[in-house]
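One structure is given here, and the rest of the page talks about it.
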Amino acid sequence: MVDFGGWELPQQYTSIREEHIAVRKVAGLFDISHMGRFQVTGEAGLAFLQSLLTNDLSRIGRGRAQYNLMCNDHGGILDDLVVYWGDDGFTVVVNAANRERDLEWMRSHAPSSVELEDRTFELALIALQGPRAQELLPAKGLDDLPYFGCRPGEVAGVSAFVSRTGYTGEDGFEIFVSADLVGEVWDAILKNGAGQGVLPAGLGARDATRLEAALRLYGNDMDDNVNPYEAGLGWTVRLDKGEFIGRDSLRRIKRDGPARTLVGLTTAPGDIARHGAAVRRHDRVVGSVTSGTHSFFLGHPIALALVEAASLRVGETAGVDVRGRQASAEVVQLPFYRGSARSAAAPAKS
Amino acid sequence: MAGRLYTKSHEWLTVDGKSVTVGITDFAQSQLGDVVFLELPKAGRKLDAGETFGVVESVKAASDLYSPVSGRVSAVNEQLAGKPELINSDPYGDGWILKLELAGDLPTDLMDEAAYKKSTESQT
């Protein structure tokens, strides 16, 4: 068990390797109840979220979810989150470590006509992720749910709110269910998939699969000193949607070009570049690794690094510090692996 | 051959005359998680007791390996290069790491199984 934003989470249930491969080949079941869940209701809910977030919610509608960033006045990323547009308002899912800060930030900007409720502790969240997730989820009537679609449904006979989203690069579902019934649903999903290779998957498998899919992790790959263009998330910023916090700064950053850029690195087996490791080009430090692990699925280590803009191009060789020496790394196209997720143009975040 | 002995840094060793076999304990492998790589010395290298002789890299972190005795490396488990997961699946058997030709006496701070077990119980 490891501490993750104040929650005790398993690094692995059995083996990171087996859980990771299960997610890529069959499906893995994640307990992601540590993530913050806010309910936004009231007539001004849409306008409120539009004024805080970078993406344009008017491009979706009820029954759809959207990946979003919340920035400060300087364009620094306060959090990355997903907004689910339900029948009675919006559910916003944020990172566990940022829950309290996000809530305070959102409350300080909320008009009186908006109700903002923290439902983290009454509503659990689990995710079944993998190429066979649809076939192996014990639910009816969800097969036609589109990628990034969401709606009420029944999983294992229990009422839930279900979305076709995730944080692994695979097809899959995120299931919001009452905390007192989540154990029942969890057990039913595992029982249903037991003979097929469905495994419960811990943080280790979650980190490896999200990194292969090049999905950013807040606190590692970005924080409030990193802007969306540096993080390679410029596609989530809709400067033309109307006023929102950080817009003026982001417009300027876009015009001038970001100072740094996030790149993908691969290294030889054994050379795992860890968070914070210096990245060099011709012996000059150009940045550092933000996330790095060994990919059991790809068979070699992978890493994301935040480096000076245009300092490293795909196909070039960089140097990276591994255990006190310099190892050779290849700069590669992101993502490292494209799974069964329906749309590559809309990276998911659970 | 006597029973397994253990170090504070979670290596185990068995002693057969002057030949010492070294690995990491089941407790160590469970704390490290899935092992993905080992950096090991070549046969012939001389090591002092307590000296770093290699690195075990798991998905979580890289950890140093310490020689439990003074001696010369006589063999390295070549299987680990292709199958580092043997450290996890069979830490006291096929997951052995190296053999040393003992020089001098065994250090006095090695633990027997009961003492080692007791020392790890406070760490879980």
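We label chains A, B, ... in the order they appear in the structure tokens, count residues from 1 in each chain, and number ligands from 1 in the order shown.
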For Phe161 in chain A, please output as number ranges by chain all residues within 8 Å (counting only C-alpha atoms; exclusion window: fewer than 6 positions along the same chain).
-> A: 150-154, 175-177
Helix (DSSP H, G or I) positions in range 15-144 of chain A, given as a PDB file with N, CA and C atoms, in the first residue's frame:
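This is the output file selection-v1.pdb:
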```
ATOM      1  N   ILE A  16       2.614  -6.069 -10.806  1.00  0.00           N
ATOM      2  CA  ILE A  16       2.419  -4.963 -11.744  1.00  0.00           C
ATOM      3  C   ILE A  16       2.474  -5.484 -13.174  1.00  0.00           C
ATOM      4  N   ARG A  17       3.429  -6.384 -13.401  1.00  0.00           N
ATOM      5  CA  ARG A  17       3.604  -6.941 -14.749  1.00  0.00           C
ATOM      6  C   ARG A  17       2.309  -7.604 -15.236  1.00  0.00           C
ATOM      7  N   GLU A  18       1.756  -8.496 -14.429  1.00  0.00           N
ATOM      8  CA  GLU A  18       0.553  -9.230 -14.847  1.00  0.00           C
ATOM      9  C   GLU A  18      -0.659  -8.309 -14.996  1.00  0.00           C
ATOM     10  N   GLU A  19      -0.765  -7.343 -14.083  1.00  0.00           N
ATOM     11  CA  GLU A  19      -1.904  -6.422 -14.139  1.00  0.00           C
ATOM     12  C   GLU A  19      -1.812  -5.518 -15.372  1.00  0.00           C
ATOM     13  N   HIS A  20      -0.609  -5.072 -15.660  1.00  0.00           N
ATOM     14  CA  HIS A  20      -0.353  -4.223 -16.820  1.00  0.00           C
ATOM     15  C   HIS A  20      -0.717  -4.970 -18.117  1.00  0.00           C
ATOM     16  N   ILE A  21      -0.254  -6.199 -18.236  1.00  0.00           N
ATOM     17  CA  ILE A  21      -0.532  -6.985 -19.445  1.00  0.00           C
ATOM     18  C   ILE A  21      -2.037  -7.285 -19.545  1.00  0.00           C
ATOM     19  N   ALA A  22      -2.682  -7.528 -18.400  1.00  0.00           N
ATOM     20  CA  ALA A  22      -4.127  -7.788 -18.417  1.00  0.00           C
ATOM     21  C   ALA A  22      -4.888  -6.596 -18.995  1.00  0.00           C
ATOM     22  N   VAL A  23      -4.494  -5.378 -18.617  1.00  0.00           N
ATOM     23  CA  VAL A  23      -5.165  -4.176 -19.132  1.00  0.00           C
ATOM     24  C   VAL A  23      -4.985  -4.073 -20.644  1.00  0.00           C
ATOM     25  N   ARG A  24      -3.813  -4.427 -21.134  1.00  0.00           N
ATOM     26  CA  ARG A  24      -3.536  -4.312 -22.572  1.00  0.00           C
ATOM     27  C   ARG A  24      -4.162  -5.441 -23.395  1.00  0.00           C
ATOM     28  N   LYS A  25      -4.290  -6.629 -22.801  1.00  0.00           N
ATOM     29  CA  LYS A  25      -4.756  -7.789 -23.583  1.00  0.00           C
ATOM     30  C   LYS A  25      -6.224  -8.124 -23.325  1.00  0.00           C
ATOM     31  N   GLY A  45     -24.460  26.874 -13.977  1.00  0.00           N
ATOM     32  CA  GLY A  45     -23.383  25.889 -13.895  1.00  0.00           C
ATOM     33  C   GLY A  45     -22.492  25.863 -15.122  1.00  0.00           C
ATOM     34  N   LEU A  46     -23.110  25.884 -16.285  1.00  0.00           N
ATOM     35  CA  LEU A  46     -22.344  25.837 -17.527  1.00  0.00           C
ATOM     36  C   LEU A  46     -21.446  27.074 -17.657  1.00  0.00           C
ATOM     37  N   ALA A  47     -22.036  28.240 -17.447  1.00  0.00           N
ATOM     38  CA  ALA A  47     -21.256  29.485 -17.572  1.00  0.00           C
ATOM     39  C   ALA A  47     -20.118  29.524 -16.553  1.00  0.00           C
ATOM     40  N   PHE A  48     -20.396  29.003 -15.354  1.00  0.00           N
ATOM     41  CA  PHE A  48     -19.383  28.951 -14.291  1.00  0.00           C
ATOM     42  C   PHE A  48     -18.189  28.096 -14.721  1.00  0.00           C
ATOM     43  N   LEU A  49     -18.474  26.882 -15.219  1.00  0.00           N
ATOM     44  CA  LEU A  49     -17.382  26.001 -15.642  1.00  0.00           C
ATOM     45  C   LEU A  49     -16.644  26.582 -16.848  1.00  0.00           C
ATOM     46  N   GLN A  50     -17.395  27.186 -17.756  1.00  0.00           N
ATOM     47  CA  GLN A  50     -16.763  27.811 -18.933  1.00  0.00           C
ATOM     48  C   GLN A  50     -15.783  28.919 -18.520  1.00  0.00           C
ATOM     49  N   SER A  51     -16.075  29.590 -17.411  1.00  0.00           N
ATOM     50  CA  SER A  51     -15.225  30.708 -16.981  1.00  0.00           C
ATOM     51  C   SER A  51     -13.969  30.230 -16.244  1.00  0.00           C
ATOM     52  N   LEU A  52     -13.970  28.951 -15.830  1.00  0.00           N
ATOM     53  CA  LEU A  52     -12.826  28.409 -15.080  1.00  0.00           C
ATOM     54  C   LEU A  52     -11.938  27.504 -15.924  1.00  0.00           C
ATOM     55  N   LEU A  57     -17.039  23.699 -23.321  1.00  0.00           N
ATOM     56  CA  LEU A  57     -18.107  22.726 -23.046  1.00  0.00           C
ATOM     57  C   LEU A  57     -19.286  22.868 -24.000  1.00  0.00           C
ATOM     58  N   SER A  58     -19.396  24.017 -24.669  1.00  0.00           N
ATOM     59  CA  SER A  58     -20.524  24.182 -25.593  1.00  0.00           C
ATOM     60  C   SER A  58     -20.338  23.302 -26.835  1.00  0.00           C
ATOM     61  N   ARG A  59     -19.146  22.741 -26.995  1.00  0.00           N
ATOM     62  CA  ARG A  59     -18.902  21.840 -28.131  1.00  0.00           C
ATOM     63  C   ARG A  59     -19.426  20.434 -27.848  1.00  0.00           C
ATOM     64  N   ALA A  96      -6.670  13.524  -6.954  1.00  0.00           N
ATOM     65  CA  ALA A  96      -6.830  13.366  -5.504  1.00  0.00           C
ATOM     66  C   ALA A  96      -6.039  14.421  -4.721  1.00  0.00           C
ATOM     67  N   ALA A  97      -4.798  14.643  -5.122  1.00  0.00           N
ATOM     68  CA  ALA A  97      -3.928  15.537  -4.356  1.00  0.00           C
ATOM     69  C   ALA A  97      -4.383  16.992  -4.456  1.00  0.00           C
ATOM     70  N   ASN A  98      -5.198  17.297  -5.470  1.00  0.00           N
ATOM     71  CA  ASN A  98      -5.634  18.684  -5.687  1.00  0.00           C
ATOM     72  C   ASN A  98      -7.057  18.952  -5.215  1.00  0.00           C
ATOM     73  N   ARG A  99      -7.721  17.939  -4.696  1.00  0.00           N
ATOM     74  CA  ARG A  99      -9.155  18.069  -4.430  1.00  0.00           C
ATOM     75  C   ARG A  99      -9.494  19.288  -3.581  1.00  0.00           C
ATOM     76  N   GLU A 100      -8.787  19.435  -2.469  1.00  0.00           N
ATOM     77  CA  GLU A 100      -9.138  20.539  -1.565  1.00  0.00           C
ATOM     78  C   GLU A 100      -8.796  21.903  -2.156  1.00  0.00           C
ATOM     79  N   ARG A 101      -7.630  21.969  -2.842  1.00  0.00           N
ATOM     80  CA  ARG A 101      -7.235  23.232  -3.461  1.00  0.00           C
ATOM     81  C   ARG A 101      -8.209  23.602  -4.586  1.00  0.00           C
ATOM     82  N   ASP A 102      -8.596  22.616  -5.378  1.00  0.00           N
ATOM     83  CA  ASP A 102      -9.547  22.848  -6.471  1.00  0.00           C
ATOM     84  C   ASP A 102     -10.886  23.349  -5.927  1.00  0.00           C
ATOM     85  N   LEU A 103     -11.337  22.687  -4.864  1.00  0.00           N
ATOM     86  CA  LEU A 103     -12.635  23.031  -4.290  1.00  0.00           C
ATOM     87  C   LEU A 103     -12.621  24.483  -3.788  1.00  0.00           C
ATOM     88  N   GLU A 104     -11.538  24.836  -3.145  1.00  0.00           N
ATOM     89  CA  GLU A 104     -11.399  26.204  -2.620  1.00  0.00           C
ATOM     90  C   GLU A 104     -11.376  27.219  -3.770  1.00  0.00           C
ATOM     91  N   TRP A 105     -10.606  26.887  -4.822  1.00  0.00           N
ATOM     92  CA  TRP A 105     -10.502  27.762  -5.995  1.00  0.00           C
ATOM     93  C   TRP A 105     -11.866  27.925  -6.665  1.00  0.00           C
ATOM     94  N   MET A 106     -12.560  26.824  -6.844  1.00  0.00           N
ATOM     95  CA  MET A 106     -13.855  26.863  -7.520  1.00  0.00           C
ATOM     96  C   MET A 106     -14.891  27.603  -6.669  1.00  0.00           C
ATOM     97  N   ARG A 107     -14.875  27.332  -5.345  1.00  0.00           N
ATOM     98  CA  ARG A 107     -15.827  28.023  -4.460  1.00  0.00           C
ATOM     99  C   ARG A 107     -15.599  29.518  -4.478  1.00  0.00           C
ATOM    100  N   SER A 108     -14.318  29.944  -4.536  1.00  0.00           N
ATOM    101  CA  SER A 108     -14.016  31.372  -4.487  1.00  0.00           C
ATOM    102  C   SER A 108     -14.469  32.096  -5.755  1.00  0.00           C
ATOM    103  N   HIS A 109     -14.726  31.319  -6.820  1.00  0.00           N
ATOM    104  CA  HIS A 109     -15.166  31.927  -8.078  1.00  0.00           C
ATOM    105  C   HIS A 109     -16.638  31.657  -8.397  1.00  0.00           C
ATOM    106  N   ALA A 133     -13.168  -4.736 -22.579  1.00  0.00           N
ATOM    107  CA  ALA A 133     -13.968  -4.166 -21.485  1.00  0.00           C
ATOM    108  C   ALA A 133     -15.466  -4.236 -21.776  1.00  0.00           C
ATOM    109  N   GLN A 134     -15.856  -3.908 -22.998  1.00  0.00           N
ATOM    110  CA  GLN A 134     -17.286  -3.895 -23.320  1.00  0.00           C
ATOM    111  C   GLN A 134     -17.899  -5.284 -23.184  1.00  0.00           C
ATOM    112  N   GLU A 135     -17.194  -6.265 -23.730  1.00  0.00           N
ATOM    113  CA  GLU A 135     -17.669  -7.654 -23.693  1.00  0.00           C
ATOM    114  C   GLU A 135     -17.733  -8.184 -22.255  1.00  0.00           C
ATOM    115  N   LEU A 136     -16.820  -7.745 -21.411  1.00  0.00           N
ATOM    116  CA  LEU A 136     -16.685  -8.352 -20.086  1.00  0.00           C
ATOM    117  C   LEU A 136     -17.316  -7.551 -18.954  1.00  0.00           C
TER     118      LEU A 136
END
```
Chain A residues near chain B within 9 Å, closest pair each, using only C-alpha atoms, as a tab-separated table:
```
residue	atom	partner	partner_atom	distance
A:Gln11	CA	B:Gly33	CA	8.7
A:Gln12	CA	B:Gly33	CA	8.4
A:Ser15	CA	B:Asp34	CA	6.7
A:Ile16	CA	B:Asp34	CA	6.6
A:Arg17	CA	B:Asp34	CA	6.9
A:Gly204	CA	B:Val59	CA	7.9
A:Pro269	CA	B:Phe37	CA	7.3
A:Gly270	CA	B:Phe37	CA	4.9
A:Asp271	CA	B:Phe37	CA	8.4
A:Ile272	CA	B:Glu57	CA	8.1
A:Arg274	CA	B:Ala61	CA	8.3
A:Thr293	CA	B:Val59	CA	6.2
A:His294	CA	B:Val59	CA	6.0
A:Ser295	CA	B:Val59	CA	8.7
A:Phe296	CA	B:Val36	CA	8.4
A:Arg323	CA	B:Ala62	CA	7.7
```
So that I can see what lies close to Thr52 in chain B, please list as a tab-separated table (two decimals) with C-alpha atoms, in the first residue's frame the residues with an atom at most 12 Å from it, counting only C-alpha atoms and leaving out residues fewer than 2 positions away in the same chain.
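So selection_23.tsv came out as:
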```
chain	number	residue	atom	x	y	z
B	9	SER	CA	20.41	-4.82	3.96
B	11	GLU	CA	20.70	-10.10	1.26
B	39	GLU	CA	23.50	-4.57	-12.85
B	40	LEU	CA	26.02	-7.17	-11.68
B	41	PRO	CA	29.81	-7.48	-11.37
B	45	ARG	CA	36.05	-9.02	-8.89
B	46	LYS	CA	37.15	-8.66	-5.28
B	47	LEU	CA	34.58	-7.38	-2.82
B	48	ASP	CA	34.77	-6.29	0.81
B	49	ALA	CA	31.96	-7.08	3.22
B	50	GLY	CA	29.42	-4.26	2.98
B	54	GLY	CA	25.43	-4.04	-8.07
B	55	VAL	CA	21.99	-2.58	-8.52
B	56	VAL	CA	18.56	-4.15	-8.66
B	63	SER	CA	18.38	-0.28	-5.00
B	64	ASP	CA	22.01	-1.06	-4.27
B	65	LEU	CA	23.18	-4.58	-3.53
B	66	TYR	CA	25.78	-5.10	-0.79
B	67	SER	CA	28.23	-7.95	-0.47
B	68	PRO	CA	27.57	-9.80	2.80
B	69	VAL	CA	31.16	-11.11	3.00
B	70	SER	CA	34.65	-10.34	1.74
```
Figure out the distance between CA of His74 in chain A and CA of Arg280 in chain A, please, to one decimal in Å.
->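 Interatomic distance, CA of Arg280 in chain A to CA of His74 in chain A: 28.2 Å.
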Selection: 10 Å around Val76 in chain B, only C-alpha atoms, excl. self and same-chain fewer than 2 positions, as a ChimeraX atom specification = /B:21-22,40-43,73-74,78-80,96-100
Distance CA of Leu233 in chain A-CA of Gly257 in chain A, one decimal place?
-> 13.3 Å
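Every protein, DNA or RNA residue with an atom at most 7 Å from range 107-115 of chain B, where only C-alpha atoms count and chain neighbours fewer than 3 positions away do not, is listed here: Arg4, Leu5, Tyr6, Thr7, Val69, Lys118 and Ser119 of chain B.
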From chain B, collect each residue whose DSSP state is strand (DSSP E or B) and return the set as a ChimeraX atom specification.
-> /B:5-6,11-16,19-24,35-39,46-47,52-58,62-66,71-76,98-102,111
Surrounding residues of Met35 in chain A excluding itself and chain neighbours under 2 positions, 8 Å, only C-alpha atoms, as a list of chain:residue names =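 Residues meeting the cut-off are A:Ile32, A:Ser33, A:Arg37, A:Val93, A:Val94, A:Asn95, A:Ala96, A:Arg99, A:Thr120, A:Leu125.
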Which one of A:Pro335, A:Gly36, A:Leu9, A:Arg132 sits closest to Val198 in chain A if you count only C-alpha atoms?
->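 Residue with the minimum atom-to-atom distance to Val198 in chain A: A:Arg132.
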Give me, as a PDB file with C-alpha atoms, in the first residue's frame, all polymer residues having an atom no more than 12 Å from Arg255 in chain A, counting only C-alpha atoms and skipping those fewer than 5 positions away in the same chain.
```pdb
ATOM      1  CA  TYR A 229       1.228  24.513 -24.541  1.00  0.00           C
ATOM      2  CA  LEU A 239      -9.103  30.868 -26.833  1.00  0.00           C
ATOM      3  CA  ASP A 248      -4.914  36.532 -21.820  1.00  0.00           C
ATOM      4  CA  SER A 249      -1.742  34.824 -20.632  1.00  0.00           C
ATOM      5  CA  LEU A 250      -2.422  31.746 -22.742  1.00  0.00           C
TER       6      LEU A 250
END
```
Å distance separating CA of Gly3 in chain B from CA of Gln29 in chain B, one decimal place =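 CA of Gln29 in chain B lies 19.9 Å from CA of Gly3 in chain B.
Nearest to Asn77 in chain B of all the residues B:Gln31, B:Leu106, B:Ser122, B:Gly23 is B:Gly23, based on only C-alpha atoms.
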From the set A:Leu203, A:Val40, A:Val289, A:Ala309, which residue has the shortest atom-to-atom contact distance to Ala110 in chain A, counting only C-alpha atoms?
->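 Nearest candidate to Ala110 in chain A out of A:Leu203, A:Val40, A:Val289, A:Ala309: A:Val40.
If only C-alpha atoms are the atoms counted, then among A:Val226, A:Val279, A:Ala127, A:Leu211 the closest residue to Gly292 in chain A is A:Leu211.
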